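S.K.: Below is the file data29.pdb, which contains PDB, C-alpha atoms.
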```
ATOM      1  CA  MET A   1     124.504  94.078 134.582
ATOM      2  CA  LEU A   2     125.177  90.354 134.897
ATOM      3  CA  GLY A   3     127.923  90.497 132.238
ATOM      4  CA  GLY A   4     129.665  93.304 134.085
ATOM      5  CA  TYR A   5     129.426  91.393 137.372
ATOM      6  CA  ILE A   6     130.918  88.258 135.806
ATOM      7  CA  GLY A   7     133.641  90.334 134.146
ATOM      8  CA  ASP A   8     134.482  91.961 137.489
ATOM      9  CA  ILE A   9     134.797  88.546 139.156
ATOM     10  CA  CYS A  10     137.069  87.290 136.348
ATOM     11  CA  GLN A  11     139.251  90.377 136.647
ATOM     12  CA  ARG A  12     139.622  89.865 140.398
ATOM     13  CA  ILE A  13     140.585  86.223 139.892
ATOM     14  CA  LEU A  14     143.150  87.163 137.238
ATOM     15  CA  ASN A  15     144.550  89.966 139.385
ATOM     16  CA  GLY A  16     144.943  87.529 142.284
ATOM     17  CA  ILE A  17     146.785  85.024 140.087
ATOM     18  CA  VAL A  18     149.018  87.789 138.723
ATOM     19  CA  ARG A  19     149.914  88.985 142.231
ATOM     20  CA  GLN A  20     150.804  85.460 143.347
ATOM     21  CA  LEU A  21     152.903  84.824 140.243
ATOM     22  CA  SER A  22     154.644  88.183 140.615
ATOM     23  CA  ARG A  23     155.947  87.131 144.025
ATOM     24  CA  LEU A  24     157.907  84.396 142.256
ATOM     25  CA  ASN A  25     159.253  87.026 139.826
ATOM     26  CA  PRO A  26     159.018  84.725 136.786
ATOM     27  CA  ASN A  27     160.357  85.662 133.386
ATOM     28  CA  PRO A  28     157.287  86.838 131.392
ATOM     29  CA  ASN A  29     158.818  85.366 128.237
ATOM     30  CA  LEU A  30     158.809  81.964 129.917
ATOM     31  CA  LEU A  31     155.085  82.347 130.583
ATOM     32  CA  SER A  32     154.570  83.047 126.871
ATOM     33  CA  VAL A  33     156.487  79.876 125.959
ATOM     34  CA  ILE A  34     154.484  77.826 128.488
ATOM     35  CA  GLY A  35     151.276  79.187 126.945
ATOM     36  CA  LEU A  36     152.469  77.977 123.536
ATOM     37  CA  GLY A  37     153.219  74.531 124.985
ATOM     38  CA  ILE A  38     149.705  74.274 126.418
ATOM     39  CA  ASN A  39     148.239  75.226 123.034
ATOM     40  CA  VAL A  40     150.334  72.498 121.392
ATOM     41  CA  PHE A  41     148.846  70.019 123.880
ATOM     42  CA  ALA A  42     145.358  71.274 122.942
ATOM     43  CA  ALA A  43     146.247  70.721 119.274
ATOM     44  CA  PHE A  44     147.132  67.083 120.019
ATOM     45  CA  LEU A  45     143.765  66.637 121.708
ATOM     46  CA  TYR A  46     142.011  68.144 118.691
ATOM     47  CA  GLY A  47     143.938  65.823 116.397
ATOM     48  CA  TYR A  48     142.654  62.807 118.329
ATOM     49  CA  GLY A  49     139.092  64.104 118.423
ATOM     50  CA  LYS A  50     139.021  65.021 122.120
ATOM     51  CA  PHE A  51     137.342  68.330 121.382
ATOM     52  CA  PHE A  52     135.716  68.855 124.775
ATOM     53  CA  TYR A  53     138.970  68.340 126.661
ATOM     54  CA  ALA A  54     140.824  70.438 124.094
ATOM     55  CA  GLY A  55     138.391  73.257 124.837
ATOM     56  CA  LEU A  56     139.152  73.007 128.548
ATOM     57  CA  VAL A  57     142.897  73.069 127.844
ATOM     58  CA  MET A  58     142.378  76.112 125.584
ATOM     59  CA  ILE A  59     140.842  77.966 128.525
ATOM     60  CA  PHE A  60     143.935  77.245 130.591
ATOM     61  CA  ALA A  61     146.261  78.171 127.716
ATOM     62  CA  ASN A  62     144.610  81.524 127.208
ATOM     63  CA  ILE A  63     144.825  82.332 130.900
ATOM     64  CA  PHE A  64     148.604  82.162 130.356
ATOM     65  CA  ASP A  65     148.202  84.454 127.340
ATOM     66  CA  LEU A  66     146.599  87.001 129.661
ATOM     67  CA  LEU A  67     149.108  86.534 132.445
ATOM     68  CA  ASP A  68     152.422  87.153 130.708
ATOM     69  CA  GLY A  69     151.770  90.808 129.853
ATOM     70  CA  ARG A  70     150.214  91.579 133.233
ATOM     71  CA  VAL A  71     153.058  89.962 135.126
ATOM     72  CA  ALA A  72     155.586  91.858 132.997
ATOM     73  CA  ARG A  73     153.926  95.173 133.851
ATOM     74  CA  LEU A  74     153.579  94.386 137.557
ATOM     75  CA  THR A  75     157.196  93.247 137.899
ATOM     76  CA  GLY A  76     158.575  96.053 135.749
ATOM     77  CA  ARG A  77     159.940  93.649 133.134
ATOM     78  CA  VAL A  78     158.179  95.020 130.072
ATOM     79  CA  THR A  79     160.463  94.888 127.025
ATOM     80  CA  LYS A  80     160.011  95.431 123.295
ATOM     81  CA  PHE A  81     161.278  91.925 122.597
ATOM     82  CA  GLY A  82     158.804  90.508 125.120
ATOM     83  CA  ALA A  83     155.911  92.189 123.311
ATOM     84  CA  PHE A  84     157.246  90.896 119.976
ATOM     85  CA  LEU A  85     157.681  87.362 121.335
ATOM     86  CA  ASP A  86     154.214  87.321 122.890
ATOM     87  CA  SER A  87     152.565  88.442 119.648
ATOM     88  CA  SER A  88     154.580  85.959 117.562
ATOM     89  CA  LEU A  89     153.804  83.010 119.832
ATOM     90  CA  ASP A  90     150.112  83.947 119.820
ATOM     91  CA  ARG A  91     150.091  83.606 116.026
ATOM     92  CA  LEU A  92     151.938  80.284 116.256
ATOM     93  CA  SER A  93     149.498  79.023 118.896
ATOM     94  CA  ASP A  94     146.553  79.853 116.638
ATOM     95  CA  MET A  95     148.053  77.986 113.691
ATOM     96  CA  VAL A  96     148.995  74.935 115.748
ATOM     97  CA  VAL A  97     145.443  74.595 117.100
ATOM     98  CA  PHE A  98     143.931  74.897 113.625
ATOM     99  CA  LEU A  99     146.415  72.297 112.394
ATOM    100  CA  GLY A 100     145.189  69.879 115.060
ATOM    101  CA  ILE A 101     141.602  70.272 113.842
ATOM    102  CA  ILE A 102     142.700  69.802 110.212
ATOM    103  CA  ILE A 103     144.478  66.577 111.173
ATOM    104  CA  PHE A 104     141.340  65.274 112.904
ATOM    105  CA  TYR A 105     139.143  65.816 109.835
ATOM    106  CA  SER A 106     141.862  64.409 107.545
ATOM    107  CA  ARG A 107     142.270  61.129 109.446
ATOM    108  CA  ASP A 108     140.731  57.908 108.170
ATOM    109  CA  THR A 109     137.920  57.728 110.712
ATOM    110  CA  GLU A 110     134.132  57.961 110.610
ATOM    111  CA  PHE A 111     134.503  61.724 111.085
ATOM    112  CA  HIS A 112     136.741  62.184 108.040
ATOM    113  CA  SER A 113     135.639  65.237 106.058
ATOM    114  CA  THR A 114     137.576  66.891 103.264
ATOM    115  CA  LEU A 115     135.123  69.794 103.431
ATOM    116  CA  TYR A 116     135.778  70.593 107.091
ATOM    117  CA  ALA A 117     139.522  70.030 106.730
ATOM    118  CA  ALA A 118     139.488  72.586 103.924
ATOM    119  CA  LEU A 119     137.253  74.992 105.846
ATOM    120  CA  THR A 120     139.551  74.794 108.873
ATOM    121  CA  GLY A 121     142.499  75.502 106.586
ATOM    122  CA  ALA A 122     140.611  78.494 105.194
ATOM    123  CA  ALA A 123     139.921  79.700 108.742
ATOM    124  CA  LEU A 124     143.627  79.323 109.555
ATOM    125  CA  ILE A 125     144.618  81.443 106.548
ATOM    126  CA  GLY A 126     141.925  83.993 107.385
ATOM    127  CA  SER A 127     143.098  84.327 110.989
ATOM    128  CA  VAL A 128     146.690  84.869 109.833
ATOM    129  CA  MET A 129     145.577  87.517 107.339
ATOM    130  CA  VAL A 130     143.521  89.330 109.984
ATOM    131  CA  SER A 131     146.625  89.588 112.169
ATOM    132  CA  TYR A 132     148.905  90.458 109.241
ATOM    133  CA  THR A 133     146.703  93.241 107.887
ATOM    134  CA  SER A 134     146.551  94.809 111.346
ATOM    135  CA  ALA A 135     150.337  94.700 111.783
ATOM    136  CA  ARG A 136     151.024  95.956 108.251
ATOM    137  CA  ALA A 137     148.361  98.655 108.343
ATOM    138  CA  GLU A 138     149.691 100.071 111.606
ATOM    139  CA  SER A 139     152.959 100.869 109.846
ATOM    140  CA  LEU A 140     150.879 103.199 107.634
ATOM    141  CA  ILE A 141     148.036 104.398 109.874
ATOM    142  CA  PRO A 142     147.741 104.903 113.658
ATOM    143  CA  LYS A 143     145.449 101.941 114.446
ATOM    144  CA  CYS A 144     143.730  99.036 112.710
ATOM    145  CA  ASP A 145     141.837  96.889 115.202
ATOM    146  CA  VAL A 146     138.420  96.992 113.544
ATOM    147  CA  GLY A 147     136.351  93.939 112.680
ATOM    148  CA  PHE A 148     134.210  91.410 114.475
ATOM    149  CA  LEU A 149     136.430  88.324 114.676
ATOM    150  CA  ARG A 150     139.595  89.506 116.372
ATOM    151  CA  ARG A 151     141.770  87.017 118.231
ATOM    152  CA  PRO A 152     139.896  87.108 121.569
ATOM    153  CA  GLU A 153     136.548  86.564 119.849
ATOM    154  CA  ARG A 154     138.031  83.796 117.704
ATOM    155  CA  VAL A 155     139.442  81.981 120.723
ATOM    156  CA  VAL A 156     136.169  82.265 122.664
ATOM    157  CA  LEU A 157     134.199  80.991 119.662
ATOM    158  CA  LEU A 158     136.533  78.022 119.279
ATOM    159  CA  ILE A 159     136.337  77.168 122.985
ATOM    160  CA  LEU A 160     132.534  77.367 123.020
ATOM    161  CA  GLY A 161     132.260  75.176 119.921
ATOM    162  CA  SER A 162     134.667  72.633 121.397
ATOM    163  CA  LEU A 163     132.791  72.396 124.694
ATOM    164  CA  THR A 164     129.593  71.407 122.859
ATOM    165  CA  VAL A 165     131.159  68.273 121.385
ATOM    166  CA  TRP A 166     129.621  65.112 122.842
ATOM    167  CA  PRO A 167     129.525  62.597 119.958
ATOM    168  CA  GLU A 168     127.250  60.182 121.837
ATOM    169  CA  SER A 169     124.589  62.879 122.306
ATOM    170  CA  SER A 170     121.900  63.759 119.768
ATOM    171  CA  SER A 171     120.879  67.000 121.502
ATOM    172  CA  LEU A 172     120.110  69.930 119.217
ATOM    173  CA  PHE A 173     122.342  72.168 121.331
ATOM    174  CA  LEU A 174     125.440  69.956 121.261
ATOM    175  CA  ASN A 175     128.054  68.979 118.657
ATOM    176  CA  LYS A 176     128.236  72.439 117.100
ATOM    177  CA  MET A 177     131.862  72.239 115.993
ATOM    178  CA  PRO A 178     131.003  72.136 112.263
ATOM    179  CA  ALA A 179     128.936  75.315 112.648
ATOM    180  CA  THR A 180     131.802  76.873 114.598
ATOM    181  CA  ILE A 181     134.234  76.110 111.779
ATOM    182  CA  TRP A 182     131.886  77.690 109.238
ATOM    183  CA  LEU A 183     131.594  80.798 111.391
ATOM    184  CA  MET A 184     135.350  81.106 111.878
ATOM    185  CA  ALA A 185     136.023  80.669 108.164
ATOM    186  CA  VAL A 186     133.404  83.206 107.028
ATOM    187  CA  LEU A 187     133.927  85.797 109.769
ATOM    188  CA  SER A 188     137.728  85.708 109.468
ATOM    189  CA  TYR A 189     137.497  86.857 105.850
ATOM    190  CA  TRP A 190     134.779  89.343 106.722
ATOM    191  CA  THR A 191     137.100  90.866 109.325
ATOM    192  CA  PHE A 192     139.972  90.770 106.825
ATOM    193  CA  ALA A 193     137.820  92.718 104.341
ATOM    194  CA  GLN A 194     136.798  95.198 107.055
ATOM    195  CA  ARG A 195     140.439  95.914 107.844
ATOM    196  CA  LEU A 196     141.323  96.346 104.179
ATOM    197  CA  PHE A 197     138.491  98.839 103.759
ATOM    198  CA  HIS A 198     139.344 100.679 106.995
ATOM    199  CA  THR A 199     143.001 100.988 105.982
ATOM    200  CA  TRP A 200     142.054 102.212 102.504
ATOM    201  CA  ARG A 201     139.806 104.907 103.979
ATOM    202  CA  GLN A 202     142.406 105.990 106.529
ATOM    203  CA  ILE A 203     145.210 106.192 103.941
ATOM    204  CA  ARG A 204     142.982 108.145 101.567
ATOM    205  CA  GLU A 205     142.142 110.613 104.353
ATOM    206  CA  ILE A 206     145.832 111.007 105.265
ATOM    207  CA  GLU A 207     146.732 111.599 101.610
ATOM    208  CA  ARG A 208     143.905 114.160 101.279
ATOM    209  CA  GLN A 209     145.185 116.049 104.325
ATOM    210  CA  GLU A 210     148.761 115.965 103.025
ATOM    211  CA  LEU A 211     147.609 117.262  99.625
ATOM    212  CA  ALA A 212     145.632 120.064 101.275
ATOM    213  CA  SER A 213     148.652 120.970 103.395
ATOM    214  CA  GLU A 214     150.977 121.003 100.381
ATOM    215  CA  SER A 215     148.471 123.103  98.427
ATOM    216  CA  GLY A 216     148.245 125.619 101.268
ATOM    217  CA  THR A 217     152.029 125.838 101.487
ATOM    218  CA  ALA A 218     152.350 126.360  97.726
ATOM    219  CA  LYS A 219     149.784 129.185  97.769
ATOM    220  CA  SER A 220     151.619 130.979 100.564
ATOM    221  CA  GLN A 221     154.899 130.726  98.635
ATOM    222  CA  ASP A 222     153.417 131.848  95.293
ATOM    223  CA  GLY A 223     151.410 134.796  96.711
ATOM    224  CA  PRO A 224     152.108 138.441  95.727
ATOM    225  CA  SER A 225     155.315 139.851  97.160
ATOM    226  CA  LEU A 226     155.205 142.970  99.306
ATOM    227  CA  ARG A 227     156.894 145.928  97.575
ATOM    228  CA  LEU A 228     158.519 148.600  99.657
ATOM    229  CA  GLY A 229     158.666 151.999  97.971
ATOM    230  CA  PRO A 230     157.347 153.322  94.627
ATOM    231  CA  ASP A 231     157.458 151.431  91.396
ATOM    232  CA  PRO A 232     160.304 152.407  89.094
ATOM    233  CA  ALA A 233     159.302 154.882  86.326
TER     234      ALA A 233
END
```
Using the file provided, produce a representation of the structure as structure tokens.

M.R.:
Amino acid sequence: MLGGYIGDICQRILNGIVRQLSRLNPNPNLLSVIGLGINVFAAFLYGYGKFFYAGLVMIFANIFDLLDGRVARLTGRVTKFGAFLDSSLDRLSDMVVFLGIIIFYSRDTEFHSTLYAALTGAALIGSVMVSYTSARAESLIPKCDVGFLRRPERVVLLILGSLTVWPESSSLFLNKMPATIWLMAVLSYWTFAQRLFHTWRQIREIERQELASESGTAKSQDGPSLRLGPDPA
């Protein structure tokens, strides 16, 4: 009930922003590029350990990620290249943000941690593979969007983890970025495995149907022929 109410409010806010932007008739591709630039800024903040502020910037960046497609549809400027560019820049944005976190844990500071630099790198690879398996699978099967940690969930998890970071606080509920990194690393590969399994099952089912179809066709062709008239003596 409450979740639906909040979601409805967010949708109204987004729709209002989209309508205002549409009056300016911006190029949706430009909005995608601006979204990338904001993510790069968030990556710089992560690199310098400003996790809380990076989380706030990530919220703003992902509003742009939502806007470009909606504005394109409302202004009638939907193109195949625009969809390709948006998807490509989303992947780049993800990698840039992860790189910022890796840099933070690799720096010679009190927070230096080879473990968390490596885990963030693993999460980066996992997120890329989740996206790749979906794109590759959908050239073989109709749809492959299964799994828990898709991009929206990954972004929300990263934002929530970032907003808990207050180094001067010892509260049990704050500074949960290490736990967030563990979750992203583990769940990315879990989602990757889910998509591999889903694709395997779908391909096997398609092949079974094709084999059954070919078998039915062969039986109809090899069946007894209809003879007209008596057999020769």

S.K.: Distance atom CA of A:Ala185-atom CA of A:Glu110, one decimal place?

M.R.: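 Atom-to-atom, atom CA of A:Ala185 to atom CA of A:Glu110, that is 22.9 Å.
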
S.K.: Expanded to explicit residues, what is the PyMOL selection byres ((chain A and resi 66) around 10) for this file, as a PDB file with C-alpha atoms, in the frame of the given file?

M.R.:
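So the final result, stored in part_20.pdb, reads:
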```pdb
ATOM      1  CA  LEU A  14     143.150  87.163 137.238  1.00  0.00           C
ATOM      2  CA  VAL A  18     149.018  87.789 138.723  1.00  0.00           C
ATOM      3  CA  LEU A  31     155.085  82.347 130.583  1.00  0.00           C
ATOM      4  CA  SER A  32     154.570  83.047 126.871  1.00  0.00           C
ATOM      5  CA  GLY A  35     151.276  79.187 126.945  1.00  0.00           C
ATOM      6  CA  ALA A  61     146.261  78.171 127.716  1.00  0.00           C
ATOM      7  CA  ASN A  62     144.610  81.524 127.208  1.00  0.00           C
ATOM      8  CA  ILE A  63     144.825  82.332 130.900  1.00  0.00           C
ATOM      9  CA  PHE A  64     148.604  82.162 130.356  1.00  0.00           C
ATOM     10  CA  ASP A  65     148.202  84.454 127.340  1.00  0.00           C
ATOM     11  CA  LEU A  67     149.108  86.534 132.445  1.00  0.00           C
ATOM     12  CA  ASP A  68     152.422  87.153 130.708  1.00  0.00           C
ATOM     13  CA  GLY A  69     151.770  90.808 129.853  1.00  0.00           C
ATOM     14  CA  ARG A  70     150.214  91.579 133.233  1.00  0.00           C
ATOM     15  CA  VAL A  71     153.058  89.962 135.126  1.00  0.00           C
TER      16      VAL A  71
END
```

S.K.: I need the residue nearest A:Asp94 from this list: A:Val128, A:Ala135, A:Val146, A:Ile17. Use only C-alpha atoms for the distance.

M.R.: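 When distances to A:Asp94 are compared using only C-alpha atoms, the smallest one comes from A:Val128.
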
S.K.: Please write the residues picked by the PyMOL selection byres ((chain A and resi 201-209) around 12) on this file as a PyMOL selection string.

M.R.: chain A and resi 137-144+194-200+210-216

S.K.: To verify the selection step, state as a ChimeraX atom specification which residues the PyMOL selection byres ((chain A and resi 155) around 12) yields on this input.

M.R.: /A:39,55-63,65,90-91,93-95,97-98,127,149-154,156-162,180-181,184,188

S.K.: Would you list the contacts of A:Thr109 as an MDAnalysis selection string, taking every protein, DNA or RNA residue within 12 Å and counting all atoms listed in the file, but skipping same-chain residues closer than 6 positions in sequence?

M.R.: chainID A and resid 47:49 103

S.K.: N, CA and C atoms for stretch 81-111 of chain A, written as a PDB file, in the frame of the given file, could you do that?

M.R.:
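Okay, rebuild.pdb is ready:
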```pdb
ATOM      1  N   PHE A  81     161.168  93.293 123.087  1.00  0.00           N
ATOM      2  CA  PHE A  81     161.278  91.925 122.597  1.00  0.00           C
ATOM      3  C   PHE A  81     160.182  91.051 123.205  1.00  0.00           C
ATOM      4  N   GLY A  82     159.860  91.287 124.479  1.00  0.00           N
ATOM      5  CA  GLY A  82     158.804  90.508 125.120  1.00  0.00           C
ATOM      6  C   GLY A  82     157.473  90.686 124.423  1.00  0.00           C
ATOM      7  N   ALA A  83     157.151  91.931 124.042  1.00  0.00           N
ATOM      8  CA  ALA A  83     155.911  92.189 123.311  1.00  0.00           C
ATOM      9  C   ALA A  83     155.934  91.506 121.951  1.00  0.00           C
ATOM     10  N   PHE A  84     157.096  91.557 121.276  1.00  0.00           N
ATOM     11  CA  PHE A  84     157.246  90.896 119.976  1.00  0.00           C
ATOM     12  C   PHE A  84     157.100  89.379 120.109  1.00  0.00           C
ATOM     13  N   LEU A  85     157.747  88.805 121.121  1.00  0.00           N
ATOM     14  CA  LEU A  85     157.681  87.362 121.335  1.00  0.00           C
ATOM     15  C   LEU A  85     156.256  86.920 121.647  1.00  0.00           C
ATOM     16  N   ASP A  86     155.586  87.659 122.512  1.00  0.00           N
ATOM     17  CA  ASP A  86     154.214  87.321 122.890  1.00  0.00           C
ATOM     18  C   ASP A  86     153.299  87.313 121.678  1.00  0.00           C
ATOM     19  N   SER A  87     153.399  88.355 120.849  1.00  0.00           N
ATOM     20  CA  SER A  87     152.565  88.442 119.648  1.00  0.00           C
ATOM     21  C   SER A  87     152.881  87.313 118.666  1.00  0.00           C
ATOM     22  N   SER A  88     154.168  87.015 118.502  1.00  0.00           N
ATOM     23  CA  SER A  88     154.580  85.959 117.562  1.00  0.00           C
ATOM     24  C   SER A  88     154.099  84.586 118.021  1.00  0.00           C
ATOM     25  N   LEU A  89     154.231  84.313 119.319  1.00  0.00           N
ATOM     26  CA  LEU A  89     153.804  83.010 119.832  1.00  0.00           C
ATOM     27  C   LEU A  89     152.284  82.870 119.817  1.00  0.00           C
ATOM     28  N   ASP A  90     151.576  83.983 119.945  1.00  0.00           N
ATOM     29  CA  ASP A  90     150.112  83.947 119.820  1.00  0.00           C
ATOM     30  C   ASP A  90     149.717  83.482 118.424  1.00  0.00           C
ATOM     31  N   ARG A  91     150.390  84.020 117.408  1.00  0.00           N
ATOM     32  CA  ARG A  91     150.091  83.606 116.026  1.00  0.00           C
ATOM     33  C   ARG A  91     150.403  82.120 115.839  1.00  0.00           C
ATOM     34  N   LEU A  92     151.545  81.684 116.373  1.00  0.00           N
ATOM     35  CA  LEU A  92     151.938  80.284 116.256  1.00  0.00           C
ATOM     36  C   LEU A  92     150.940  79.382 116.970  1.00  0.00           C
ATOM     37  N   SER A  93     150.485  79.802 118.140  1.00  0.00           N
ATOM     38  CA  SER A  93     149.498  79.023 118.896  1.00  0.00           C
ATOM     39  C   SER A  93     148.221  78.846 118.088  1.00  0.00           C
ATOM     40  N   ASP A  94     147.762  79.934 117.460  1.00  0.00           N
ATOM     41  CA  ASP A  94     146.553  79.853 116.638  1.00  0.00           C
ATOM     42  C   ASP A  94     146.713  78.817 115.531  1.00  0.00           C
ATOM     43  N   MET A  95     147.844  78.880 114.830  1.00  0.00           N
ATOM     44  CA  MET A  95     148.053  77.986 113.691  1.00  0.00           C
ATOM     45  C   MET A  95     148.176  76.531 114.124  1.00  0.00           C
ATOM     46  N   VAL A  96     148.839  76.301 115.250  1.00  0.00           N
ATOM     47  CA  VAL A  96     148.995  74.935 115.748  1.00  0.00           C
ATOM     48  C   VAL A  96     147.645  74.320 116.086  1.00  0.00           C
ATOM     49  N   VAL A  97     146.776  75.093 116.733  1.00  0.00           N
ATOM     50  CA  VAL A  97     145.443  74.595 117.100  1.00  0.00           C
ATOM     51  C   VAL A  97     144.627  74.268 115.852  1.00  0.00           C
ATOM     52  N   PHE A  98     144.644  75.166 114.869  1.00  0.00           N
ATOM     53  CA  PHE A  98     143.931  74.897 113.625  1.00  0.00           C
ATOM     54  C   PHE A  98     144.479  73.650 112.941  1.00  0.00           C
ATOM     55  N   LEU A  99     145.797  73.476 112.999  1.00  0.00           N
ATOM     56  CA  LEU A  99     146.415  72.297 112.394  1.00  0.00           C
ATOM     57  C   LEU A  99     145.895  71.020 113.049  1.00  0.00           C
ATOM     58  N   GLY A 100     145.729  71.046 114.369  1.00  0.00           N
ATOM     59  CA  GLY A 100     145.189  69.879 115.060  1.00  0.00           C
ATOM     60  C   GLY A 100     143.807  69.516 114.562  1.00  0.00           C
ATOM     61  N   ILE A 101     142.959  70.527 114.340  1.00  0.00           N
ATOM     62  CA  ILE A 101     141.602  70.272 113.842  1.00  0.00           C
ATOM     63  C   ILE A 101     141.649  69.732 112.412  1.00  0.00           C
ATOM     64  N   ILE A 102     142.547  70.295 111.584  1.00  0.00           N
ATOM     65  CA  ILE A 102     142.700  69.802 110.212  1.00  0.00           C
ATOM     66  C   ILE A 102     143.098  68.331 110.213  1.00  0.00           C
ATOM     67  N   ILE A 103     144.032  67.975 111.081  1.00  0.00           N
ATOM     68  CA  ILE A 103     144.478  66.577 111.173  1.00  0.00           C
ATOM     69  C   ILE A 103     143.316  65.662 111.550  1.00  0.00           C
ATOM     70  N   PHE A 104     142.483  66.101 112.493  1.00  0.00           N
ATOM     71  CA  PHE A 104     141.340  65.274 112.904  1.00  0.00           C
ATOM     72  C   PHE A 104     140.418  64.985 111.723  1.00  0.00           C
ATOM     73  N   TYR A 105     140.066  66.015 110.958  1.00  0.00           N
ATOM     74  CA  TYR A 105     139.143  65.816 109.835  1.00  0.00           C
ATOM     75  C   TYR A 105     139.814  65.139 108.644  1.00  0.00           C
ATOM     76  N   SER A 106     141.143  65.069 108.646  1.00  0.00           N
ATOM     77  CA  SER A 106     141.862  64.409 107.545  1.00  0.00           C
ATOM     78  C   SER A 106     142.126  62.934 107.829  1.00  0.00           C
ATOM     79  N   ARG A 107     141.977  62.519 109.080  1.00  0.00           N
ATOM     80  CA  ARG A 107     142.270  61.129 109.446  1.00  0.00           C
ATOM     81  C   ARG A 107     141.216  60.176 108.892  1.00  0.00           C
ATOM     82  N   ASP A 108     141.625  58.935 108.722  1.00  0.00           N
ATOM     83  CA  ASP A 108     140.731  57.908 108.170  1.00  0.00           C
ATOM     84  C   ASP A 108     139.854  57.344 109.286  1.00  0.00           C
ATOM     85  N   THR A 109     138.867  58.139 109.683  1.00  0.00           N
ATOM     86  CA  THR A 109     137.920  57.728 110.712  1.00  0.00           C
ATOM     87  C   THR A 109     136.508  58.020 110.208  1.00  0.00           C
ATOM     88  N   GLU A 110     135.516  57.693 111.007  1.00  0.00           N
ATOM     89  CA  GLU A 110     134.132  57.961 110.610  1.00  0.00           C
ATOM     90  C   GLU A 110     133.846  59.450 110.507  1.00  0.00           C
ATOM     91  N   PHE A 111     134.710  60.279 111.108  1.00  0.00           N
ATOM     92  CA  PHE A 111     134.503  61.724 111.085  1.00  0.00           C
ATOM     93  C   PHE A 111     135.302  62.409 109.979  1.00  0.00           C
TER      94      PHE A 111
END
```
